[in-house]
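What's in run.cif: mmCIF, C-alpha atoms and all ligand atoms
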```cif
data_coords
#
loop_
_atom_site.label_atom_id
_atom_site.label_comp_id
_atom_site.auth_asym_id
_atom_site.auth_seq_id
_atom_site.Cartn_x
_atom_site.Cartn_y
_atom_site.Cartn_z
CA MET K 1 -10.94 -16.61 -4.78
CA LEU K 2 -11.73 -14.60 -1.65
CA GLU K 3 -9.70 -15.06 1.53
CA LEU K 4 -10.93 -14.26 5.03
CA LEU K 5 -9.71 -11.30 7.07
CA ASN K 6 -10.79 -11.12 10.69
CA ASN K 7 -9.73 -9.59 13.96
CA THR K 8 -8.37 -12.75 15.52
CA GLN K 9 -6.01 -14.10 12.91
CA ASP K 10 -3.52 -11.27 12.53
CA SER K 11 -2.61 -8.61 15.11
CA ARG K 12 -1.07 -6.40 12.42
CA TYR K 13 -4.47 -5.02 11.47
CA GLU K 14 -7.80 -4.18 13.06
CA ILE K 15 -11.09 -4.47 11.17
CA PHE K 16 -13.71 -1.86 11.88
CA LEU K 17 -16.20 -2.04 9.03
CA ALA K 18 -17.80 1.39 8.71
CA TYR K 19 -20.74 -0.07 6.80
CA ALA K 20 -21.46 -2.54 9.62
CA THR K 21 -22.40 0.48 11.75
CA MET K 22 -24.65 3.52 11.29
CA ASN K 23 -21.54 5.68 11.44
CA ASN K 24 -21.00 6.09 7.71
CA PHE K 25 -22.13 8.59 5.09
CA THR K 26 -25.39 6.71 4.42
CA LYS K 27 -26.31 6.79 8.15
CA THR K 28 -27.61 3.24 7.72
CA CYS K 29 -26.08 -0.10 8.59
CA ILE K 30 -25.45 -1.85 5.26
CA TYR K 31 -23.60 -4.99 6.37
CA LYS K 32 -24.68 -7.23 9.26
CA SER K 33 -24.49 -5.01 12.35
CA GLY K 34 -21.12 -5.30 14.07
CA LEU K 35 -19.69 -7.60 11.38
CA GLN K 36 -15.94 -8.03 11.86
CA ASN K 37 -15.14 -10.42 9.04
CA THR K 38 -14.28 -9.29 5.57
CA PHE K 39 -12.59 -10.77 2.54
CA LEU K 40 -9.86 -10.01 0.03
CA HIS K 41 -8.98 -11.67 -3.25
CA ALA K 42 -6.02 -14.01 -2.70
CA GLU K 43 -3.80 -11.85 -4.94
CA ALA K 44 -4.69 -8.70 -2.97
CA LEU K 45 -4.08 -10.50 0.32
CA LYS K 46 -0.66 -11.61 -0.90
CA ARG K 47 0.26 -8.00 -1.57
CA PHE K 48 -1.41 -6.68 1.56
CA ASN K 49 0.78 -9.04 3.57
CA ILE K 50 3.81 -7.20 2.19
CA ALA K 51 2.25 -3.91 3.37
CA LEU K 52 1.54 -5.42 6.80
CA GLU K 53 5.14 -6.54 7.11
CA GLN K 54 6.46 -3.13 6.09
CA ALA K 55 4.15 -1.28 8.49
CA ALA K 56 5.03 -3.62 11.36
CA ALA K 57 8.72 -2.94 10.73
CA LEU K 58 7.93 0.74 11.33
CA GLY K 59 5.93 0.02 14.51
CA LEU K 60 2.60 0.62 12.75
CA ARG K 61 -0.62 -1.30 12.13
CA PHE K 62 -3.59 -0.87 9.81
CA LYS K 63 -7.20 -0.05 10.57
CA ILE K 64 -9.48 -1.41 7.83
CA TRP K 65 -12.81 0.30 7.14
CA ASP K 66 -13.79 -1.80 4.13
CA ALA K 67 -12.38 -4.48 1.83
CA PHE K 68 -14.57 -6.87 -0.20
CA ARG K 69 -17.99 -5.34 -0.79
CA PRO K 70 -20.79 -7.44 -2.32
CA VAL K 71 -22.26 -5.79 -5.41
CA GLU K 72 -25.60 -5.46 -3.59
CA ALA K 73 -23.89 -3.19 -1.05
CA GLN K 74 -22.36 -1.18 -3.90
CA GLN K 75 -25.89 -0.60 -5.17
CA ILE K 76 -26.98 0.73 -1.75
CA LEU K 77 -23.99 3.12 -1.60
CA TRP K 78 -24.74 4.27 -5.14
CA ASN K 79 -28.37 4.94 -4.26
CA HIS K 80 -27.14 7.29 -1.51
CA MET K 81 -24.49 8.98 -3.64
CA PRO K 82 -24.83 8.51 -7.41
CA ASP K 83 -21.54 10.29 -8.15
CA GLU K 84 -18.89 8.31 -10.05
CA LYS K 85 -16.12 10.45 -8.63
CA TYR K 86 -16.62 8.66 -5.31
CA ILE K 87 -18.78 5.58 -5.89
CA THR K 88 -18.28 3.44 -8.97
CA HIS K 89 -21.47 2.46 -10.75
CA PRO K 90 -22.88 -0.84 -9.43
CA GLN K 91 -23.50 -2.23 -12.94
CA THR K 92 -20.91 -0.59 -15.16
CA GLY K 93 -18.15 0.90 -12.96
CA GLU K 94 -14.74 -0.48 -12.00
CA ARG K 95 -16.16 -1.69 -8.67
CA PRO K 96 -12.76 -2.75 -7.24
CA HIS K 97 -14.25 -3.48 -3.80
CA CYS K 98 -16.79 -5.86 -5.39
CA ARG K 99 -13.87 -7.75 -6.95
CA GLY K 100 -12.13 -8.10 -3.57
CA ILE K 101 -9.10 -6.12 -4.73
CA ALA K 102 -9.59 -2.83 -2.82
CA LEU K 103 -8.99 -1.74 0.75
CA ASP K 104 -10.13 1.37 2.62
CA LEU K 105 -7.69 1.80 5.45
CA THR K 106 -5.44 3.99 7.54
CA LEU K 107 -2.34 3.58 9.68
CA THR K 108 -2.38 3.39 13.48
CA ASP K 109 0.28 3.09 16.13
CA MET K 110 0.62 -0.19 18.04
CA GLN K 111 -2.04 1.00 20.54
CA GLY K 112 -4.53 1.57 17.74
CA THR K 113 -4.41 5.37 17.67
CA MET K 114 -4.91 6.56 14.12
CA LEU K 115 -2.25 8.71 12.47
CA ASP K 116 -3.60 12.14 11.53
CA MET K 117 -4.59 12.04 7.85
CA GLY K 118 -6.48 15.33 7.82
CA THR K 119 -9.98 13.89 7.36
CA GLY K 120 -11.93 10.84 8.43
CA PHE K 121 -13.06 7.97 6.19
CA ASP K 122 -15.54 8.77 3.39
CA ASP K 123 -14.96 12.49 3.68
CA PHE K 124 -16.09 13.51 0.21
CA SER K 125 -14.33 16.87 0.23
CA GLU K 126 -11.34 18.32 -1.53
CA THR K 127 -9.31 17.93 1.68
CA ALA K 128 -9.35 14.15 1.16
CA HIS K 129 -7.81 14.39 -2.33
CA GLN K 130 -4.29 13.02 -2.78
CA ASN K 131 -3.13 16.29 -4.30
CA PHE K 132 -4.59 18.56 -1.61
CA PHE K 133 -1.52 20.04 0.02
CA LYS K 134 -3.06 22.70 2.29
CA ILE K 135 -2.80 20.40 5.29
CA PRO K 136 -0.12 20.39 8.01
CA THR K 137 3.26 18.98 6.98
CA GLN K 138 3.02 16.04 9.37
CA THR K 139 -0.42 15.14 8.03
CA GLN K 140 0.96 15.19 4.50
CA LYS K 141 3.86 12.99 5.59
CA ASN K 142 1.43 10.52 7.16
CA ARG K 143 -0.52 10.28 3.92
CA LEU K 144 2.66 9.82 1.91
CA LEU K 145 3.78 7.10 4.31
CA LEU K 146 0.49 5.23 3.83
CA ASN K 147 0.80 5.75 0.07
CA GLY K 148 4.40 4.59 0.00
CA ILE K 149 3.72 1.41 1.97
CA MET K 150 0.72 0.48 -0.18
CA HIS K 151 2.42 1.34 -3.50
CA ALA K 152 5.55 -0.58 -2.59
CA ALA K 153 3.33 -3.60 -1.93
CA GLY K 154 1.70 -3.30 -5.38
CA PHE K 155 -1.44 -1.22 -4.85
CA VAL K 156 -2.48 1.98 -6.60
CA CYS K 157 -4.21 4.92 -4.94
CA ASN K 158 -7.42 6.80 -5.69
CA PRO K 159 -6.80 10.51 -6.42
CA PHE K 160 -9.93 11.57 -4.50
CA GLU K 161 -9.69 9.34 -1.41
CA TRP K 162 -6.47 9.11 0.60
CA TRP K 163 -7.77 5.91 2.29
CA HIS K 164 -8.51 3.86 -0.86
CA PHE K 165 -6.04 1.46 -2.48
CA GLN K 166 -6.60 -1.22 -5.10
CA LEU K 167 -4.77 -3.63 -7.36
CA PRO K 168 -4.11 -2.42 -10.91
CA GLU K 169 -5.82 -4.23 -13.84
CA PHE K 170 -9.21 -4.53 -12.12
CA ASN K 171 -10.65 -6.33 -15.18
CA ARG K 172 -8.72 -9.47 -14.31
CA TYR K 173 -10.97 -9.99 -11.28
CA LYS K 174 -14.65 -10.86 -11.19
CA VAL K 175 -17.39 -8.75 -9.57
CA LEU K 176 -19.03 -10.88 -6.88
CA SER K 177 -22.42 -10.86 -5.23
CA ASN K 178 -23.18 -11.51 -1.58
CA LYS K 179 -24.17 -15.09 -2.47
CA GLU K 180 -20.79 -15.68 -4.08
CA ALA K 181 -18.87 -14.59 -0.96
CA PRO K 182 -17.58 -17.34 1.36
CA ALA K 183 -20.01 -16.02 4.00
CA SER K 184 -22.92 -13.60 3.79
CA MET K 185 -22.10 -10.01 4.72
CA LEU K 186 -25.59 -8.56 4.34
ZN ZN R 1 -12.59 2.22 -1.29
#
```
Would you give me this structure, written as C-alpha cells?
Ligand SMILES: [Zn+2]
Amino acid sequence: MLELLNNTQDSRYEIFLAYATMNNFTKTCIYKSGLQNTFLHAEALKRFNIALEQAAALGLRFKIWDAFRPVEAQQILWNHMPDEKYITHPQTGERPHCRGIALDLTLTDMQGTMLDMGTGFDDFSETAHQNFFKIPTQTQKNRLLLNGIMHAAGFVCNPFEWWHFQLPEFNRYKVLSNKEAPASML
C-alpha cells in the first residue's frame, strides 16, 4: 500500500522531485512538471518517520528528490542510462523505487540549506560512492550522519549513491505501475 508524501502535511521534509523538472541527468521532465506529491510504501513511511524524528531532534530536515517511481519512469531512466550500477533494470532489476521502498534524499538545516555531501543528486561519479574518502572531513561526517540516521531507522544504503536508501528484502514488495499508484505521476 502506498502512502502520500507532500509538502503540506509534514514540515520535517521538503519534496523537490528532480524528475518533475528538466534539471536531472536525462534533461527531460519525466513526471508531471512541478509535481510535488510522491508516495512511499506504508512500511517505508513508518521507518522514515523514525528518521524524521531523529533528524528533527538534531535540528535537521530532509530534502527528497525521489521516492516511489512508477515502473514506466524506471524504463525512461533506463533508456537514458542502461547501466545496472546506477539504474536497476525496468523488467528484471531490484527496482526498489518502483516498489515504494526507496528514497533519494539529503539533509538540510531548518532553513532548507543542504548540508555539503560532496556531490549533487544523480552524480554518477566515484565521488558519490559511499567508500570514497577523498572528500573534506566535514563532508564525510555529513554523509555518515545521513547514513546513520537512515540505518538506525531501518534503511540500507547504496554503495554507489550517497543519497539512496531503501528497505532490505525488496522482494517482499510489489513493483507498481503508474496506473497502480494512488494518483498518476506521469
Ligand atoms: Zn534512488
Counting all atoms listed in the file, what is within 12 Å of Phe25 of chain K, bar same-chain residues fewer than 3 positions away, as a PyMOL selection string?
chain K and resi 18-19+21-22+28-30+76-81+86-87+120-124
Using all atoms listed in the file, what are the residues with an atom within 7 Å of ligand ZN 1 (chain R), set out as a list in words?
Asp66, His97, Ala102, Leu103, Asp104, His164 and Phe165 of chain K
At most 12 Å is the cut-off: for each residue in segment 90-170 of chain K with any atom that close to an atom of segment 45-51 of chain K, write down the nearest atom pair and the distance in Å rounded to one decimal, counting only C-alpha atoms, chain first then increasing number, as CSV.
```
residue,atom,partner,partner_atom,distance
K:Gly100,CA,K:Leu45,CA,9.3
K:Ile101,CA,K:Leu45,CA,8.4
K:Ala102,CA,K:Leu45,CA,10.0
K:Leu103,CA,K:Phe48,CA,9.1
K:Asp104,CA,K:Phe48,CA,11.9
K:Leu105,CA,K:Phe48,CA,11.2
K:Thr106,CA,K:Ala51,CA,11.8
K:Leu107,CA,K:Ala51,CA,10.8
K:Leu145,CA,K:Ala51,CA,11.2
K:Leu146,CA,K:Ala51,CA,9.3
K:Asn147,CA,K:Ala51,CA,10.3
K:Gly148,CA,K:Ala51,CA,9.4
K:Ile149,CA,K:Ala51,CA,5.7
K:Met150,CA,K:Ala51,CA,5.8
K:His151,CA,K:Ala51,CA,8.6
K:Ala152,CA,K:Ala51,CA,7.6
K:Ala153,CA,K:Arg47,CA,5.4
K:Gly154,CA,K:Arg47,CA,6.2
K:Phe155,CA,K:Arg47,CA,7.7
K:Val156,CA,K:Arg47,CA,11.5
K:Phe165,CA,K:Phe48,CA,10.2
K:Gln166,CA,K:Phe48,CA,10.1
K:Leu167,CA,K:Arg47,CA,8.8
K:Pro168,CA,K:Arg47,CA,11.7
```
Using all atoms listed in the file, find the one residue out of K:Asn158, K:Leu4, K:Ala20, K:Thr139 that sits nearest to Thr88 of chain K.
K:Asn158
Counting only C-alpha atoms, which residues have an atom no more than 12 Å from (-15.4, 0.2, -13.1) in the file's coordinates? Please list them as a short mmCIF file (atom, residue, chain, number, x, y, z; two decimals) with C-alpha atoms, in the coordinates of the input.
```
data_model
loop_
_atom_site.label_atom_id
_atom_site.label_comp_id
_atom_site.auth_asym_id
_atom_site.auth_seq_id
_atom_site.Cartn_x
_atom_site.Cartn_y
_atom_site.Cartn_z
CA VAL K 71 -22.26 -5.79 -5.41
CA GLN K 74 -22.36 -1.18 -3.90
CA GLU K 84 -18.89 8.31 -10.05
CA LYS K 85 -16.12 10.45 -8.63
CA TYR K 86 -16.62 8.66 -5.31
CA ILE K 87 -18.78 5.58 -5.89
CA THR K 88 -18.28 3.44 -8.97
CA HIS K 89 -21.47 2.46 -10.75
CA PRO K 90 -22.88 -0.84 -9.43
CA GLN K 91 -23.50 -2.23 -12.94
CA THR K 92 -20.91 -0.59 -15.16
CA GLY K 93 -18.15 0.90 -12.96
CA GLU K 94 -14.74 -0.48 -12.00
CA ARG K 95 -16.16 -1.69 -8.67
CA PRO K 96 -12.76 -2.75 -7.24
CA HIS K 97 -14.25 -3.48 -3.80
CA CYS K 98 -16.79 -5.86 -5.39
CA ARG K 99 -13.87 -7.75 -6.95
CA GLN K 166 -6.60 -1.22 -5.10
CA PRO K 168 -4.11 -2.42 -10.91
CA GLU K 169 -5.82 -4.23 -13.84
CA PHE K 170 -9.21 -4.53 -12.12
CA ASN K 171 -10.65 -6.33 -15.18
CA ARG K 172 -8.72 -9.47 -14.31
CA TYR K 173 -10.97 -9.99 -11.28
CA LYS K 174 -14.65 -10.86 -11.19
CA VAL K 175 -17.39 -8.75 -9.57
#
```
Trp162 of chain K surroundings by all atoms listed in the file, 8 Å radius, close-in-sequence under 6 positions cut, as a list in words:
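Result of the neighbour search: Ala128, His129, Gln130 and Arg143 of chain K.
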